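Structure data (mmCIF, C-alpha atoms) from query_28.cif:
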```cif
data_work
loop_
_atom_site.label_atom_id
_atom_site.label_comp_id
_atom_site.auth_asym_id
_atom_site.auth_seq_id
_atom_site.Cartn_x
_atom_site.Cartn_y
_atom_site.Cartn_z
CA MET A 1478 -15.68 12.08 -6.35
CA THR A 1479 -16.37 15.61 -5.16
CA GLN A 1480 -14.41 18.71 -6.00
CA SER A 1481 -13.58 19.21 -2.31
CA ASN A 1482 -11.60 15.98 -2.36
CA ILE A 1483 -9.22 17.35 -4.97
CA ARG A 1484 -6.26 19.14 -3.44
CA PRO A 1485 -3.97 20.46 -6.19
CA SER A 1486 -0.30 20.79 -5.32
CA GLY A 1487 1.13 23.41 -7.63
CA PRO A 1488 -0.15 24.05 -11.16
CA ILE A 1489 -2.07 20.77 -11.51
CA GLN A 1490 -4.95 20.42 -13.93
CA PHE A 1491 -7.21 17.39 -14.12
CA PRO A 1492 -7.31 15.01 -15.80
CA LEU A 1493 -3.60 14.37 -15.33
CA PRO A 1494 -1.79 13.04 -18.40
CA LEU A 1495 0.06 9.92 -17.23
CA GLN A 1496 1.65 6.72 -18.45
CA ALA A 1497 1.94 4.54 -15.35
CA VAL A 1498 -0.17 3.96 -12.26
CA ILE A 1499 1.48 2.50 -9.17
CA ILE A 1500 -0.82 1.13 -6.46
CA ASP A 1501 -0.16 0.19 -2.85
CA LEU A 1502 -1.46 -3.14 -1.52
CA ASP A 1503 -2.50 -3.14 2.16
CA GLY A 1504 -5.19 -0.55 2.83
CA THR A 1505 -5.46 0.47 -0.85
CA LEU A 1506 -6.15 -2.61 -2.96
CA LEU A 1507 -6.87 -5.10 -0.19
CA ASP A 1508 -8.41 -4.91 3.26
CA THR A 1509 -5.86 -7.13 5.02
CA ALA A 1510 -6.29 -5.82 8.57
CA GLY A 1511 -8.44 -8.71 9.76
CA ASP A 1512 -5.92 -11.36 8.80
CA LEU A 1513 -2.91 -9.35 9.98
CA ALA A 1514 -4.66 -8.99 13.34
CA LEU A 1515 -5.62 -12.65 13.40
CA ALA A 1516 -1.99 -13.65 12.93
CA ALA A 1517 -0.80 -11.13 15.53
CA ASN A 1518 -3.21 -12.45 18.14
CA GLU A 1519 -2.30 -16.07 17.39
CA MET A 1520 1.33 -15.07 17.92
CA LEU A 1521 0.49 -13.36 21.21
CA ARG A 1522 -1.44 -16.42 22.38
CA GLU A 1523 1.49 -18.70 21.63
CA LEU A 1524 3.72 -16.37 23.59
CA ARG A 1525 1.13 -16.29 26.41
CA MET A 1526 0.70 -12.57 26.05
CA THR A 1527 -2.48 -10.50 26.11
CA GLU A 1528 -4.35 -10.32 22.80
CA LEU A 1529 -5.15 -6.93 21.26
CA PRO A 1530 -8.28 -5.50 19.60
CA VAL A 1531 -8.32 -5.57 15.81
CA SER A 1532 -8.81 -1.79 15.85
CA THR A 1533 -5.54 -1.38 17.75
CA ILE A 1534 -3.56 -3.71 15.50
CA GLN A 1535 -4.92 -1.88 12.46
CA THR A 1536 -3.08 1.25 13.61
CA PHE A 1537 0.14 -0.78 13.66
CA ILE A 1538 -0.04 -1.62 9.93
CA GLY A 1539 2.10 0.17 7.36
CA LYS A 1540 5.77 -0.28 8.13
CA GLY A 1541 6.12 -3.97 7.27
CA VAL A 1542 5.81 -7.21 9.24
CA PRO A 1543 8.82 -6.78 11.59
CA LYS A 1544 7.52 -3.39 12.73
CA LEU A 1545 4.01 -4.79 13.14
CA VAL A 1546 5.39 -7.58 15.32
CA LYS A 1547 7.32 -5.10 17.48
CA ARG A 1548 4.25 -2.93 17.90
CA ALA A 1549 2.06 -5.90 18.79
CA LEU A 1550 4.58 -7.15 21.35
CA THR A 1551 4.76 -3.74 23.04
CA ASN A 1552 1.24 -2.49 22.26
CA SER A 1553 2.90 0.73 21.18
CA PRO A 1554 3.59 2.36 17.78
CA ASP A 1555 7.20 3.09 18.74
CA GLY A 1556 7.92 0.31 21.22
CA GLU A 1557 11.04 -1.84 21.08
CA PRO A 1558 10.58 -5.29 22.62
CA ASP A 1559 13.30 -7.36 24.19
CA PRO A 1560 15.51 -8.55 21.28
CA GLU A 1561 15.23 -12.21 22.30
CA LEU A 1562 11.45 -11.96 22.47
CA PHE A 1563 11.33 -10.35 19.03
CA GLU A 1564 13.54 -13.05 17.52
CA GLN A 1565 11.21 -15.66 18.97
CA ALA A 1566 8.04 -13.86 17.91
CA LEU A 1567 8.83 -12.97 14.28
CA PRO A 1568 8.87 -16.53 12.86
CA ILE A 1569 5.74 -17.36 14.85
CA TYR A 1570 3.95 -14.39 13.30
CA GLU A 1571 5.16 -15.27 9.80
CA ARG A 1572 3.87 -18.84 10.19
CA CYS A 1573 0.52 -17.67 11.58
CA TYR A 1574 0.06 -15.12 8.80
CA ALA A 1575 0.98 -17.62 6.08
CA GLU A 1576 -1.69 -19.96 7.49
CA ASN A 1577 -4.31 -17.20 7.58
CA LEU A 1578 -3.46 -15.14 4.52
CA TYR A 1579 -6.92 -15.14 2.99
CA VAL A 1580 -9.44 -15.69 5.77
CA HIS A 1581 -10.94 -12.18 5.83
CA THR A 1582 -8.87 -10.37 3.17
CA ARG A 1583 -10.77 -9.10 0.14
CA PRO A 1584 -10.40 -6.27 -2.41
CA TYR A 1585 -12.00 -2.98 -1.38
CA PRO A 1586 -15.12 -1.85 -3.26
CA GLY A 1587 -14.25 -0.35 -6.62
CA VAL A 1588 -10.81 -1.99 -6.86
CA VAL A 1589 -11.55 -4.58 -9.54
CA GLU A 1590 -13.69 -2.17 -11.55
CA GLY A 1591 -11.02 0.52 -11.24
CA LEU A 1592 -8.22 -1.82 -12.31
CA ASP A 1593 -10.29 -2.89 -15.30
CA GLN A 1594 -10.72 0.76 -16.32
CA LEU A 1595 -7.02 1.55 -15.88
CA LYS A 1596 -5.98 -1.53 -17.84
CA GLN A 1597 -8.40 -0.80 -20.67
CA ALA A 1598 -7.17 2.80 -20.83
CA GLY A 1599 -3.64 1.56 -21.49
CA PHE A 1600 -1.80 2.49 -18.30
CA ARG A 1601 1.23 0.49 -17.20
CA LEU A 1602 0.17 -0.92 -13.85
CA VAL A 1603 2.52 -1.55 -10.93
CA CYS A 1604 1.93 -2.80 -7.41
CA ILE A 1605 4.43 -1.58 -4.82
CA THR A 1606 4.08 -2.75 -1.23
CA ASN A 1607 6.17 -3.02 1.92
CA LYS A 1608 4.79 -6.53 2.45
CA THR A 1609 7.41 -9.24 1.83
CA GLU A 1610 7.22 -11.17 -1.42
CA ILE A 1611 6.44 -14.48 0.29
CA PHE A 1612 3.07 -12.97 1.29
CA THR A 1613 2.55 -10.48 -1.56
CA LEU A 1614 2.49 -12.83 -4.53
CA PRO A 1615 0.21 -15.54 -3.04
CA LEU A 1616 -2.18 -12.86 -1.78
CA LEU A 1617 -2.44 -11.15 -5.17
CA ARG A 1618 -3.08 -14.53 -6.79
CA LYS A 1619 -5.71 -15.57 -4.24
CA THR A 1620 -7.59 -12.29 -4.66
CA GLY A 1621 -7.47 -12.41 -8.46
CA LEU A 1622 -5.43 -9.22 -8.82
CA PHE A 1623 -2.06 -10.67 -9.85
CA ASP A 1624 -2.57 -10.52 -13.62
CA TYR A 1625 -3.46 -6.82 -13.63
CA PHE A 1626 0.13 -5.83 -12.86
CA GLU A 1627 3.10 -5.82 -15.20
CA LEU A 1628 5.47 -5.25 -12.27
CA ILE A 1629 5.14 -6.16 -8.59
CA LEU A 1630 7.67 -4.86 -6.07
CA SER A 1631 7.53 -6.14 -2.50
CA GLY A 1632 9.23 -4.85 0.61
CA ASP A 1633 12.19 -7.15 0.07
CA SER A 1634 12.48 -6.77 -3.72
CA LEU A 1635 14.95 -3.86 -3.52
CA PRO A 1636 17.50 -2.58 -0.97
CA LYS A 1637 15.06 0.12 0.19
CA ARG A 1638 11.28 0.35 0.48
CA LYS A 1639 8.68 3.08 0.94
CA PRO A 1640 8.89 5.83 2.19
CA ASP A 1641 12.19 5.76 0.29
CA PRO A 1642 11.56 6.72 -3.36
CA LEU A 1643 13.70 3.85 -4.72
CA PRO A 1644 10.82 1.46 -5.56
CA LEU A 1645 8.95 4.18 -7.45
CA LEU A 1646 12.05 5.29 -9.33
CA HIS A 1647 12.84 1.66 -10.15
CA ALA A 1648 9.35 1.20 -11.61
CA CYS A 1649 9.66 4.36 -13.69
CA GLN A 1650 13.02 3.24 -15.03
CA TYR A 1651 11.66 -0.25 -15.73
CA PHE A 1652 8.96 1.20 -18.00
CA ASN A 1653 11.10 4.10 -19.26
CA VAL A 1654 8.55 6.51 -17.85
CA PRO A 1655 9.48 9.90 -16.36
CA PRO A 1656 8.40 10.19 -12.71
CA LYS A 1657 6.10 13.12 -13.54
CA ALA A 1658 4.15 10.72 -15.78
CA ALA A 1659 3.55 8.25 -12.94
CA LEU A 1660 0.91 8.26 -10.22
CA LEU A 1661 1.03 6.45 -6.89
CA ILE A 1662 -2.29 5.57 -5.27
CA GLY A 1663 -1.87 4.77 -1.59
CA ASP A 1664 -3.31 5.12 1.88
CA SER A 1665 -0.46 6.34 4.06
CA SER A 1666 2.29 8.84 4.80
CA ASN A 1667 4.73 6.22 3.47
CA ASP A 1668 3.11 6.58 0.07
CA ALA A 1669 2.90 10.38 0.11
CA ILE A 1670 6.52 10.80 1.18
CA ALA A 1671 7.81 8.29 -1.37
CA ALA A 1672 5.83 9.85 -4.22
CA ARG A 1673 6.96 13.39 -3.47
CA ALA A 1674 10.59 12.30 -3.14
CA ALA A 1675 10.41 10.46 -6.47
CA GLY A 1676 8.67 13.31 -8.29
CA CYS A 1677 5.50 11.29 -8.92
CA HIS A 1678 1.89 12.33 -8.45
CA ILE A 1679 0.09 10.97 -5.40
CA PHE A 1680 -3.58 10.20 -4.73
CA CYS A 1681 -4.69 8.85 -1.35
CA VAL A 1682 -7.70 6.73 -0.46
CA PRO A 1683 -9.46 7.51 2.87
CA TYR A 1684 -10.48 3.95 3.76
CA GLY A 1685 -7.02 2.51 4.47
CA TYR A 1686 -4.82 2.39 7.54
CA ASN A 1687 -2.20 5.19 7.70
CA GLU A 1688 -1.43 4.14 11.26
CA GLY A 1689 -4.75 5.56 12.42
CA HIS A 1690 -4.26 9.07 11.00
CA ASP A 1691 -6.47 10.97 8.52
CA VAL A 1692 -5.00 10.93 5.00
CA ARG A 1693 -6.64 14.28 4.27
CA LYS A 1694 -3.82 15.84 6.26
CA LEU A 1695 -1.17 14.38 3.95
CA ASP A 1696 0.54 16.17 1.08
CA CYS A 1697 -1.34 14.57 -1.81
CA ASP A 1698 -2.82 15.74 -5.10
CA ALA A 1699 -6.26 14.26 -4.42
CA VAL A 1700 -8.15 12.13 -1.94
CA VAL A 1701 -10.21 9.63 -3.96
CA ASP A 1702 -12.96 7.47 -2.52
CA THR A 1703 -12.18 4.53 -4.83
CA ILE A 1704 -9.78 3.41 -7.56
CA VAL A 1705 -12.64 4.12 -9.98
CA ASP A 1706 -12.61 7.76 -8.87
CA ALA A 1707 -8.85 7.86 -9.38
CA ALA A 1708 -9.29 6.59 -12.94
CA GLY A 1709 -11.66 9.47 -13.62
CA LEU A 1710 -8.98 12.05 -12.75
CA ILE A 1711 -6.27 10.80 -15.14
CA THR A 1712 -5.81 10.17 -18.81
CA CYS A 1713 -3.36 7.85 -20.57
CA GLN A 1714 -0.87 9.74 -22.71
CA HIS A 1715 2.19 8.00 -24.11
CA ASP A 1716 4.06 11.00 -25.53
CA ILE A 1717 4.85 12.89 -22.31
CA SER A 1718 8.24 14.51 -22.69
CA ARG A 1719 10.95 14.12 -20.08
#
```

Using structure tokens, write down the structure that the file contains.
Amino acid sequence: MTQSNIRPSGPIQFPLPLQAVIIDLDGTLLDTAGDLALAANEMLRELRMTELPVSTIQTFIGKGVPKLVKRALTNSPDGEPDPELFEQALPIYERCYAENLYVHTRPYPGVVEGLDQLKQAGFRLVCITNKTEIFTLPLLRKTGLFDYFELILSGDSLPKRKPDPLPLLHACQYFNVPPKAALLIGDSSNDAIAARAAGCHIFCVPYGYNEGHDVRKLDCDAVVDTIVDAAGLITCQHDISR
């Protein structure tokens, strides 16, 4: 972790005193792009449509499965397919992804070590993702990460999902932690926007997806190469006043 990667927003001093660490799933904890692309291309084959490069599909990740399906069908980040085609395609994608959930997906380097450090330091750990629960929970179990988290919120756990601040605020309320004592570690504008709106701190990792854009351009407190580096910039403190 180099000093140039730290981008203070306001009067921030490191290490940050915190109580809870919230971590995104796709592109932060797990490299899921290969399997998301595999499912997308299986869907396209079934629909007799042209398959797409993995690198292209990777830029479509971040707004949940329905948006990914729409983008794959139109090969466009903002495309809207024919409604009948979308209704046909979505269940095909969901079946294909469920069958290929853990073919290529693995934790990123430093994730397990970083989670161990955060757990040992006493932080309350939360996973918040826009992925639906039917995929989130099996994937966390298959990758051995499930037991690290005291709370897991998926894209369909609450009425709203990131970039809305509701999931972060819900997690803070669940642990009776003020938002200023919580940190979100993510890889996208969804994460940065949600954290700022909730009043939480935000670190971004540079290896994720962010729809193909550089996270260094986002409004975040630090860009950290790994979860281990994030752990080195915070300290667990349980008496932070509201």

What does the PyMOL selection byres ((chain A and resi 1541-1543) around 10) select in this file, as a PDB file with C-alpha atoms, in the frame of the given file?
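Contents of part-v4.pdb, as written:
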```pdb
ATOM      1  CA  LEU A1513      -2.910  -9.350   9.980  1.00  0.00           C
ATOM      2  CA  ALA A1517      -0.800 -11.130  15.530  1.00  0.00           C
ATOM      3  CA  PHE A1537       0.140  -0.780  13.660  1.00  0.00           C
ATOM      4  CA  ILE A1538      -0.040  -1.620   9.930  1.00  0.00           C
ATOM      5  CA  GLY A1539       2.100   0.170   7.360  1.00  0.00           C
ATOM      6  CA  LYS A1540       5.770  -0.280   8.130  1.00  0.00           C
ATOM      7  CA  LYS A1544       7.520  -3.390  12.730  1.00  0.00           C
ATOM      8  CA  LEU A1545       4.010  -4.790  13.140  1.00  0.00           C
ATOM      9  CA  VAL A1546       5.390  -7.580  15.320  1.00  0.00           C
ATOM     10  CA  LYS A1547       7.320  -5.100  17.480  1.00  0.00           C
ATOM     11  CA  ARG A1548       4.250  -2.930  17.900  1.00  0.00           C
ATOM     12  CA  ALA A1549       2.060  -5.900  18.790  1.00  0.00           C
ATOM     13  CA  PHE A1563      11.330 -10.350  19.030  1.00  0.00           C
ATOM     14  CA  GLU A1564      13.540 -13.050  17.520  1.00  0.00           C
ATOM     15  CA  ALA A1566       8.040 -13.860  17.910  1.00  0.00           C
ATOM     16  CA  LEU A1567       8.830 -12.970  14.280  1.00  0.00           C
ATOM     17  CA  PRO A1568       8.870 -16.530  12.860  1.00  0.00           C
ATOM     18  CA  TYR A1570       3.950 -14.390  13.300  1.00  0.00           C
ATOM     19  CA  GLU A1571       5.160 -15.270   9.800  1.00  0.00           C
ATOM     20  CA  TYR A1574       0.060 -15.120   8.800  1.00  0.00           C
ATOM     21  CA  THR A1606       4.080  -2.750  -1.230  1.00  0.00           C
ATOM     22  CA  ASN A1607       6.170  -3.020   1.920  1.00  0.00           C
ATOM     23  CA  LYS A1608       4.790  -6.530   2.450  1.00  0.00           C
ATOM     24  CA  THR A1609       7.410  -9.240   1.830  1.00  0.00           C
ATOM     25  CA  GLY A1632       9.230  -4.850   0.610  1.00  0.00           C
ATOM     26  CA  ASP A1633      12.190  -7.150   0.070  1.00  0.00           C
ATOM     27  CA  ARG A1638      11.280   0.350   0.480  1.00  0.00           C
ATOM     28  CA  LYS A1639       8.680   3.080   0.940  1.00  0.00           C
TER      29      LYS A1639
END
```

Determine, for each residue of stretch 1557-1618 of chain A having at least one atom at most 10 Å from an atom of stretch 1659-1677 of chain A, the closest pair of atoms and their separation in Å to one decimal, counting all atoms listed in the file; order by chain and ascending number, as a tab-separated table.
```
residue	atom	partner	partner_atom	distance
A:Phe1600	CA	A:Ala1659	CA	9.5
A:Arg1601	CA	A:Ala1659	CA	9.2
A:Leu1602	CA	A:Ala1659	CA	9.8
A:Val1603	CA	A:Leu1661	CA	9.1
A:Cys1604	CA	A:Leu1661	CA	9.3
A:Ile1605	CA	A:Leu1661	CA	9.0
A:Thr1606	CA	A:Asp1668	CA	9.5
A:Asn1607	CA	A:Asn1667	CA	9.5
```

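Of the listed residues A:Cys1713, A:Asp1508, A:Val1498, A:Glu1576, the one whose atoms come nearest to A:Leu1592 is A:Val1498, with distances taken using all atoms listed in the file.
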
Worksheet item: Could you name the residues that touch A:Tyr1579 at 12 Å or less, counting all atoms listed in the file, but leaving out those on the same chain fewer than 3 positions away, as a VMD selection string?
Response: chain A and resid 1507 to 1513 1515 to 1516 1573 to 1576 1582 to 1584 1612 to 1613 1615 to 1621

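What separates atom CA of A:Leu1695 from atom CA of A:Gln1496 is a distance of 23.8 Å.
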
Once 4 Å is added on each side, what are the centre and the three edge lengths, in Å to one decimal, of the axis-aligned box enclosing the listed atoms of stretch 1559-1571 of chain A? Present them as JSON.
```
{"center_x": 9.7, "center_y": -12.4, "center_z": 17.0, "size_x": 19.6, "size_y": 18.0, "size_z": 22.4}
```

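Checking A:Pro1560, A:Pro1644, A:Gly1689, A:Gly1599 one by one against A:Leu1628, counting all atoms listed in the file, you find the shortest gap at A:Pro1644.
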
Discussion item. Nearest residue to A:Glu1590 out of A:His1715, A:Ala1708, A:Leu1614, A:Asp1702, using only C-alpha atoms?
Written reply: A:Ala1708

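Coordinates place atom CA of A:Gln1594 at a distance of 25.0 Å from atom CA of A:Arg1693.
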
Neighbours of A:Asn1518 within 7 Å (all atoms listed in the file; same-chain residues fewer than 3 positions away dropped), as an mmCIF file with C-alpha atoms, in the frame of the given file?
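Final file, result38.cif:
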```cif
data_model
loop_
_atom_site.group_PDB
_atom_site.id
_atom_site.type_symbol
_atom_site.label_atom_id
_atom_site.label_comp_id
_atom_site.auth_asym_id
_atom_site.auth_seq_id
_atom_site.Cartn_x
_atom_site.Cartn_y
_atom_site.Cartn_z
ATOM 1 C CA ALA A 1514 -4.660 -8.990 13.340
ATOM 2 C CA LEU A 1515 -5.620 -12.650 13.400
ATOM 3 C CA LEU A 1521 0.490 -13.360 21.210
ATOM 4 C CA ARG A 1522 -1.440 -16.420 22.380
ATOM 5 C CA GLU A 1528 -4.350 -10.320 22.800
ATOM 6 C CA LEU A 1529 -5.150 -6.930 21.260
#
```

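The space between atom CA of A:Pro1656 and atom CA of A:Ile1499 spans 10.9 Å.
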
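Of the listed residues A:Thr1505, A:Thr1712, A:Asn1552, A:Ser1634, the one whose atoms come nearest to A:Pro1586 is A:Thr1505, with distances taken using all atoms listed in the file.
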
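Distances from A:Ile1704, A:Val1654, A:Ile1711, A:Ala1648 to A:Asp1593 were compared using only C-alpha atoms, and the smallest one belongs to A:Ile1704.
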
Worksheet item: Given the choices A:Leu1578, A:Leu1645, A:Thr1551, A:Val1589, which gets closest to A:Met1526 if the distance is worked out from all atoms listed in the file?
Response: A:Thr1551
